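Novice: Take this structure first; my questions come after.
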Amino acid sequence: RTVYVNGEYLPEHEATVSIFDRGFLMADGVYEVTSVLDGKLIDFDGHYARLERSLGELDMANPTTHEDLLEVHRELVRANGIEEGMVYLQVTRGNPGDRDFAFPPEDTAQTLVLFTQSKPGLANSPAAKTGIKVISIEDQRWARRDIKTVQLLAPSLGKMAAKRAGADDAWMVEDGHVTEGTSNNAYIVKDGAIITRGLSNDILHGITRAAVLRFAAEAQMQVVERLFTIDEAKEADEAFVTSASTFVMPVVSIDGAAIGTGEPGPVAKRLREIYLEESMKAAI
Ligand code: PLP
């Protein structure tokens, strides 16, 4: 694989960052994941806008520009022959040359790393046909989940708890209400209405979420942004999640209880179709 580090395209085994990098020592970094379908980037502008926001919220400078970053994404997709997959991007506060809680001087070079992941069959994933099983867990993350930081230990532990329980993923719960999935936004469908938690610092502002809610409204589907409990979710007609890497993915059970018929529901299936069609039309 060809990867990108601080201005250079290198074979992955030649790409290195310092042991003093703030990303490594303090999780002082932000990231984005942009999916690739048909060799094209899905919603690059949305991911770039969120990157700028994440950097701003952490008083981190933007080491790149929209134009340059788009070029790096395209070059990596080309160099690695990615038809379906992802481009991962990470920016950290760089290498101050030592370990210190205080931010390094402003002129410290930041670290910018990108790499691709090839996922043949991403759009036609078998999981989308069967749906996935989730468990519920306490949300143990910090209070700024709207910033896409590389601080991913709590979601990683949640994912492993799900695997140990024979499930695919976990929905995180705070004060009885579902926040989101370990790496996706969570939705239920009841009496035709699509229900999902509103935007706040409690959840990541999903780029796929924004697109899906827009497409749902355009298709005259009812969308309600409000809190919902895990008990309400278990009684829902349907459930699903959205993310750049799964698009719209039906959820067929929660904590072992079947949702609706126990099969992917019509709303989730329709939204997946619309999302794939519309976002591929707009891909760049
Ligand atoms: N919520 C969390 C916690 C995530 O990590 C992600 C994606 O990685 C999402 C939601 C979905 O965001 P997006 O649709 O931008 O991929």
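Ordering of the structure tokens sets the chain letters (A, B, ...); residue numbers start at 1 within each chain; ligands are numbered from 1 in the order shown.
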At a cut-off of 8 Å, can you tabulate as a Markdown table every residue of chain A near ligand 1 together with its closest atom pair and the distance in Å to one decimal, using only C-alpha atoms and all ligand atoms and ordering rows by chain then number?
Specialist:
```
| residue | atom | partner | partner_atom_place_in_ligand_line | distance |
| --- | --- | --- | --- | --- |
| A:Glu32 | CA | ligand 1 | 8 (O) | 7.5 |
| A:Val33 | CA | ligand 1 | 16 (O) | 6.5 |
| A:Thr34 | CA | ligand 1 | 16 (O) | 7.4 |
| A:His47 | CA | ligand 1 | 15 (O) | 6.9 |
| A:Arg145 | CA | ligand 1 | 3 (C) | 7.1 |
| A:Lys148 | CA | ligand 1 | 5 (O) | 7.2 |
| A:Pro155 | CA | ligand 1 | 3 (C) | 7.5 |
| A:Glu180 | CA | ligand 1 | 1 (N) | 6.0 |
| A:Gly181 | CA | ligand 1 | 1 (N) | 6.1 |
| A:Thr182 | CA | ligand 1 | 3 (C) | 5.2 |
| A:Ser183 | CA | ligand 1 | 5 (O) | 3.4 |
| A:Asn184 | CA | ligand 1 | 10 (C) | 3.5 |
| A:Asn185 | CA | ligand 1 | 10 (C) | 4.4 |
| A:Ile203 | CA | ligand 1 | 1 (N) | 6.3 |
| A:Leu204 | CA | ligand 1 | 1 (N) | 4.7 |
| A:His205 | CA | ligand 1 | 12 (O) | 6.5 |
| A:Gly206 | CA | ligand 1 | 12 (O) | 3.5 |
| A:Ile207 | CA | ligand 1 | 15 (O) | 3.7 |
| A:Thr208 | CA | ligand 1 | 14 (O) | 3.6 |
| A:Arg209 | CA | ligand 1 | 14 (O) | 5.5 |
| A:Ala210 | CA | ligand 1 | 14 (O) | 7.8 |
| A:Thr242 | CA | ligand 1 | 14 (O) | 5.8 |
| A:Ser243 | CA | ligand 1 | 14 (O) | 3.5 |
| A:Ala244 | CA | ligand 1 | 16 (O) | 3.7 |
| A:Ser245 | CA | ligand 1 | 16 (O) | 6.4 |
| A:Phe247 | CA | ligand 1 | 14 (O) | 7.4 |
```
Novice: Can you tell me, as a PyMOL selection string, which residues in stretch 17-234 of chain A count as strand (DSSP E) by DSSP?
Specialist: chain A and resi 29-37+40-41+85-92+111-118+132-138+169-174+177-181+185-190+193-196+222-225
Novice: Once you have the residues from the selection above, write them out as a tab-separated table (two decimals), in the first residue's frame, restricted to C-alpha atoms.
Specialist:
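What landed in again_5.tsv:
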```
chain	number	residue	atom	x	y	z
A	29	GLY	CA	-5.60	14.20	17.13
A	30	VAL	CA	-8.67	14.13	14.94
A	31	TYR	CA	-9.61	11.92	12.03
A	32	GLU	CA	-12.01	11.40	9.17
A	33	VAL	CA	-13.05	8.37	7.15
A	34	THR	CA	-14.36	8.95	3.64
A	35	SER	CA	-15.78	6.06	1.68
A	36	VAL	CA	-14.93	5.25	-1.91
A	37	LEU	CA	-17.41	3.73	-4.35
A	40	LYS	CA	-14.93	8.04	-6.27
A	41	LEU	CA	-15.14	9.86	-2.95
A	85	GLY	CA	-13.17	1.10	0.33
A	86	MET	CA	-12.15	3.96	2.54
A	87	VAL	CA	-9.64	6.76	2.90
A	88	TYR	CA	-8.55	7.34	6.51
A	89	LEU	CA	-7.11	10.72	7.47
A	90	GLN	CA	-5.56	11.78	10.78
A	91	VAL	CA	-4.20	15.11	11.95
A	92	THR	CA	-2.36	15.42	15.26
A	111	THR	CA	1.33	15.33	11.65
A	112	LEU	CA	-0.93	14.56	8.70
A	113	VAL	CA	-1.35	10.90	7.76
A	114	LEU	CA	-3.64	9.29	5.21
A	115	PHE	CA	-4.05	5.69	4.09
A	116	THR	CA	-6.59	3.65	2.17
A	117	GLN	CA	-8.46	0.47	3.05
A	118	SER	CA	-9.77	-1.64	0.19
A	132	ILE	CA	-26.71	-6.72	12.32
A	133	LYS	CA	-27.21	-7.57	15.99
A	134	VAL	CA	-26.38	-5.02	18.66
A	135	ILE	CA	-26.07	-5.10	22.42
A	136	SER	CA	-26.53	-2.09	24.70
A	137	ILE	CA	-23.75	-0.79	26.93
A	138	GLU	CA	-23.21	2.26	29.14
A	169	ASP	CA	-21.89	-3.93	17.52
A	170	ALA	CA	-23.00	-1.98	20.59
A	171	TRP	CA	-25.40	0.91	21.11
A	172	MET	CA	-24.27	3.21	23.89
A	173	VAL	CA	-26.76	4.36	26.49
A	174	GLU	CA	-26.69	7.39	28.80
A	177	HIS	CA	-31.31	7.06	26.29
A	178	VAL	CA	-29.40	5.75	23.30
A	179	THR	CA	-26.59	8.09	22.27
A	180	GLU	CA	-25.19	6.28	19.22
A	181	GLY	CA	-23.41	3.14	18.05
A	185	ASN	CA	-25.45	6.97	14.44
A	186	ALA	CA	-28.50	5.07	15.74
A	187	TYR	CA	-32.12	5.22	14.56
A	188	ILE	CA	-35.43	3.52	15.22
A	189	VAL	CA	-38.60	3.49	13.14
A	190	LYS	CA	-42.01	3.55	14.79
A	193	ALA	CA	-41.51	7.82	11.68
A	194	ILE	CA	-37.70	7.75	11.59
A	195	ILE	CA	-36.50	8.68	15.08
A	196	THR	CA	-32.92	9.66	15.91
A	222	GLN	CA	-41.29	11.57	8.55
A	223	VAL	CA	-38.14	12.38	10.55
A	224	VAL	CA	-38.22	13.12	14.28
A	225	GLU	CA	-35.04	14.20	16.07
```
Novice: With only C-alpha atoms as the counted atoms, please give the residues lying no more than 8 Å from A:Leu122, apart from itself and same-chain residues fewer than 2 positions off, as a list in words.
Specialist: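 Everything that qualifies: Glu84, Gly85, Lys119, Pro120, Asn124, Ser125, Ser245 and Thr246 of chain A.
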Novice: Run DSSP on the backbone and give me the residues of stretch 35-193 of chain A it puts in helix (DSSP H, G or I), as a PyMOL selection string.
Specialist: chain A and resi 44-57+66-79+126-130+153-164
Novice: Would you save the residues from that selection as a tab-separated table (two decimals), in the first residue's frame, using N, CA and C atoms?
Specialist:
```tsv
chain	number	residue	atom	x	y	z
A	44	PHE	N	-17.02	14.06	0.14
A	44	PHE	CA	-15.73	14.63	0.57
A	44	PHE	C	-15.93	15.98	1.25
A	45	ASP	N	-16.79	16.82	0.67
A	45	ASP	CA	-16.98	18.17	1.24
A	45	ASP	C	-17.50	18.13	2.67
A	46	GLY	N	-18.42	17.21	2.93
A	46	GLY	CA	-18.96	17.06	4.29
A	46	GLY	C	-17.87	16.65	5.28
A	47	HIS	N	-17.03	15.71	4.86
A	47	HIS	CA	-15.96	15.25	5.76
A	47	HIS	C	-14.92	16.36	5.97
A	48	TYR	N	-14.64	17.14	4.92
A	48	TYR	CA	-13.68	18.23	5.06
A	48	TYR	C	-14.23	19.29	6.03
A	49	ALA	N	-15.52	19.59	5.90
A	49	ALA	CA	-16.14	20.60	6.78
A	49	ALA	C	-16.08	20.14	8.24
A	50	ARG	N	-16.35	18.85	8.47
A	50	ARG	CA	-16.31	18.36	9.86
A	50	ARG	C	-14.87	18.36	10.37
A	51	LEU	N	-13.90	18.03	9.52
A	51	LEU	CA	-12.49	18.07	9.94
A	51	LEU	C	-12.15	19.48	10.42
A	52	GLU	N	-12.53	20.48	9.65
A	52	GLU	CA	-12.24	21.86	10.04
A	52	GLU	C	-12.88	22.19	11.39
A	53	ARG	N	-14.10	21.71	11.58
A	53	ARG	CA	-14.80	21.97	12.83
A	53	ARG	C	-14.09	21.29	14.01
A	54	SER	N	-13.71	20.00	13.84
A	54	SER	CA	-13.02	19.27	14.91
A	54	SER	C	-11.72	19.98	15.28
A	55	LEU	N	-10.96	20.40	14.27
A	55	LEU	CA	-9.69	21.10	14.52
A	55	LEU	C	-9.95	22.38	15.30
A	56	GLY	N	-10.95	23.14	14.86
A	56	GLY	CA	-11.27	24.41	15.51
A	56	GLY	C	-11.66	24.23	16.97
A	57	GLU	N	-12.46	23.21	17.26
A	57	GLU	CA	-12.91	22.98	18.64
A	57	GLU	C	-11.75	22.63	19.56
A	66	HIS	N	-8.68	22.41	1.46
A	66	HIS	CA	-9.67	21.56	0.78
A	66	HIS	C	-9.07	21.00	-0.51
A	67	GLU	N	-8.45	21.88	-1.29
A	67	GLU	CA	-7.92	21.49	-2.60
A	67	GLU	C	-6.79	20.47	-2.48
A	68	ASP	N	-5.85	20.74	-1.57
A	68	ASP	CA	-4.71	19.82	-1.40
A	68	ASP	C	-5.17	18.47	-0.86
A	69	LEU	N	-6.09	18.51	0.08
A	69	LEU	CA	-6.53	17.26	0.70
A	69	LEU	C	-7.32	16.40	-0.30
A	70	LEU	N	-8.10	17.06	-1.11
A	70	LEU	CA	-8.84	16.32	-2.14
A	70	LEU	C	-7.86	15.64	-3.09
A	71	GLU	N	-6.80	16.36	-3.43
A	71	GLU	CA	-5.78	15.81	-4.33
A	71	GLU	C	-5.09	14.59	-3.68
A	72	VAL	N	-4.79	14.67	-2.38
A	72	VAL	CA	-4.14	13.54	-1.70
A	72	VAL	C	-5.09	12.33	-1.67
A	73	HIS	N	-6.36	12.59	-1.36
A	73	HIS	CA	-7.35	11.49	-1.37
A	73	HIS	C	-7.38	10.81	-2.74
A	74	ARG	N	-7.47	11.64	-3.78
A	74	ARG	CA	-7.58	11.08	-5.14
A	74	ARG	C	-6.33	10.32	-5.54
A	75	GLU	N	-5.17	10.87	-5.17
A	75	GLU	CA	-3.91	10.21	-5.54
A	75	GLU	C	-3.79	8.86	-4.83
A	76	LEU	N	-4.20	8.78	-3.56
A	76	LEU	CA	-4.11	7.50	-2.83
A	76	LEU	C	-5.09	6.47	-3.41
A	77	VAL	N	-6.28	6.94	-3.77
A	77	VAL	CA	-7.28	6.04	-4.37
A	77	VAL	C	-6.71	5.49	-5.68
A	78	ARG	N	-6.09	6.38	-6.45
A	78	ARG	CA	-5.51	5.98	-7.74
A	78	ARG	C	-4.33	5.02	-7.54
A	79	ALA	N	-3.38	5.44	-6.68
A	79	ALA	CA	-2.15	4.66	-6.49
A	79	ALA	C	-2.45	3.26	-5.96
A	126	PRO	N	-23.04	-8.35	2.46
A	126	PRO	CA	-24.00	-9.36	2.91
A	126	PRO	C	-24.69	-8.94	4.22
A	127	ALA	N	-23.96	-8.20	5.08
A	127	ALA	CA	-24.53	-7.76	6.36
A	127	ALA	C	-25.76	-6.88	6.15
A	128	ALA	N	-25.78	-6.14	5.03
A	128	ALA	CA	-26.92	-5.26	4.77
A	128	ALA	C	-28.17	-6.08	4.46
A	129	LYS	N	-27.97	-7.30	3.97
A	129	LYS	CA	-29.12	-8.16	3.64
A	129	LYS	C	-29.67	-8.88	4.87
A	130	THR	N	-28.76	-9.26	5.78
A	130	THR	CA	-29.22	-9.98	6.98
A	130	THR	C	-29.52	-9.02	8.13
A	153	LEU	N	-10.90	4.35	22.77
A	153	LEU	CA	-10.84	3.15	23.60
A	153	LEU	C	-12.22	2.68	24.06
A	154	ALA	N	-13.08	3.61	24.48
A	154	ALA	CA	-14.42	3.19	24.94
A	154	ALA	C	-15.22	2.50	23.83
A	155	PRO	N	-15.27	3.08	22.61
A	155	PRO	CA	-15.96	2.37	21.54
A	155	PRO	C	-15.31	1.03	21.19
A	156	SER	N	-13.99	0.97	21.29
A	156	SER	CA	-13.29	-0.28	20.99
A	156	SER	C	-13.67	-1.36	22.02
A	157	LEU	N	-13.72	-0.97	23.30
A	157	LEU	CA	-14.15	-1.92	24.34
A	157	LEU	C	-15.59	-2.36	24.10
A	158	GLY	N	-16.43	-1.43	23.66
A	158	GLY	CA	-17.84	-1.74	23.37
A	158	GLY	C	-17.97	-2.74	22.24
A	159	LYS	N	-17.17	-2.53	21.21
A	159	LYS	CA	-17.19	-3.44	20.06
A	159	LYS	C	-16.77	-4.84	20.50
A	160	MET	N	-15.77	-4.93	21.36
A	160	MET	CA	-15.31	-6.24	21.84
A	160	MET	C	-16.35	-6.91	22.74
A	161	ALA	N	-17.04	-6.11	23.55
A	161	ALA	CA	-18.11	-6.67	24.40
A	161	ALA	C	-19.19	-7.26	23.50
A	162	ALA	N	-19.49	-6.56	22.40
A	162	ALA	CA	-20.50	-7.06	21.46
A	162	ALA	C	-20.04	-8.38	20.85
A	163	LYS	N	-18.81	-8.43	20.41
A	163	LYS	CA	-18.30	-9.66	19.79
A	163	LYS	C	-18.34	-10.82	20.77
A	164	ARG	N	-17.94	-10.55	22.02
A	164	ARG	CA	-17.97	-11.62	23.04
A	164	ARG	C	-19.38	-12.12	23.28
```
Novice: How many Å lie between atom CA of A:Asp21 and atom CA of A:Pro96, rounded to one decimal?
Specialist: 7.1 Å
Novice: Between A:Leu271, A:Ala15, A:Leu10, A:Met26, single out the one closest to A:Phe215, counting only C-alpha atoms.
Specialist: A:Leu271
Novice: Do a neighbour search on A:Pro104 at 9 Å with only C-alpha atoms, toss out local chain neighbours closer than 5 positions, and write the hits as a list in words.
Specialist: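 With the cut-off at 9 Å, the set is Arg93, Gly94, Asn95 and Pro96 of chain A.
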Novice: Near stretch 231-235 of chain A, counting only C-alpha atoms, which residues have an atom at most 7 Å away, once you skip same-chain residues fewer than 5 positions from it, shown as a PyMOL selection string?
Specialist: chain A and resi 188+254+257+259
Novice: Restricting the calculation to only C-alpha atoms, which member of A:Pro264, A:Phe101, A:Met249, A:Val150 is positioned closest to A:Ala123?
Specialist: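 Looking at the shortest contact to A:Ala123, the residue is A:Met249.
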Novice: Kindly indicate which residue among A:His13, A:Asp107, A:Leu152, A:Ala211 lies nearest to A:Leu276, using only C-alpha atoms for the distances.
Specialist: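 Smallest separation from A:Leu276 among the options: A:Ala211.
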Novice: Record the distance separating atom CA of A:Gln151 and atom CA of A:Met60, expressed in Å with one decimal.
Specialist: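 Atom-to-atom, atom CA of A:Gln151 and atom CA of A:Met60 are spaced 15.7 Å apart.
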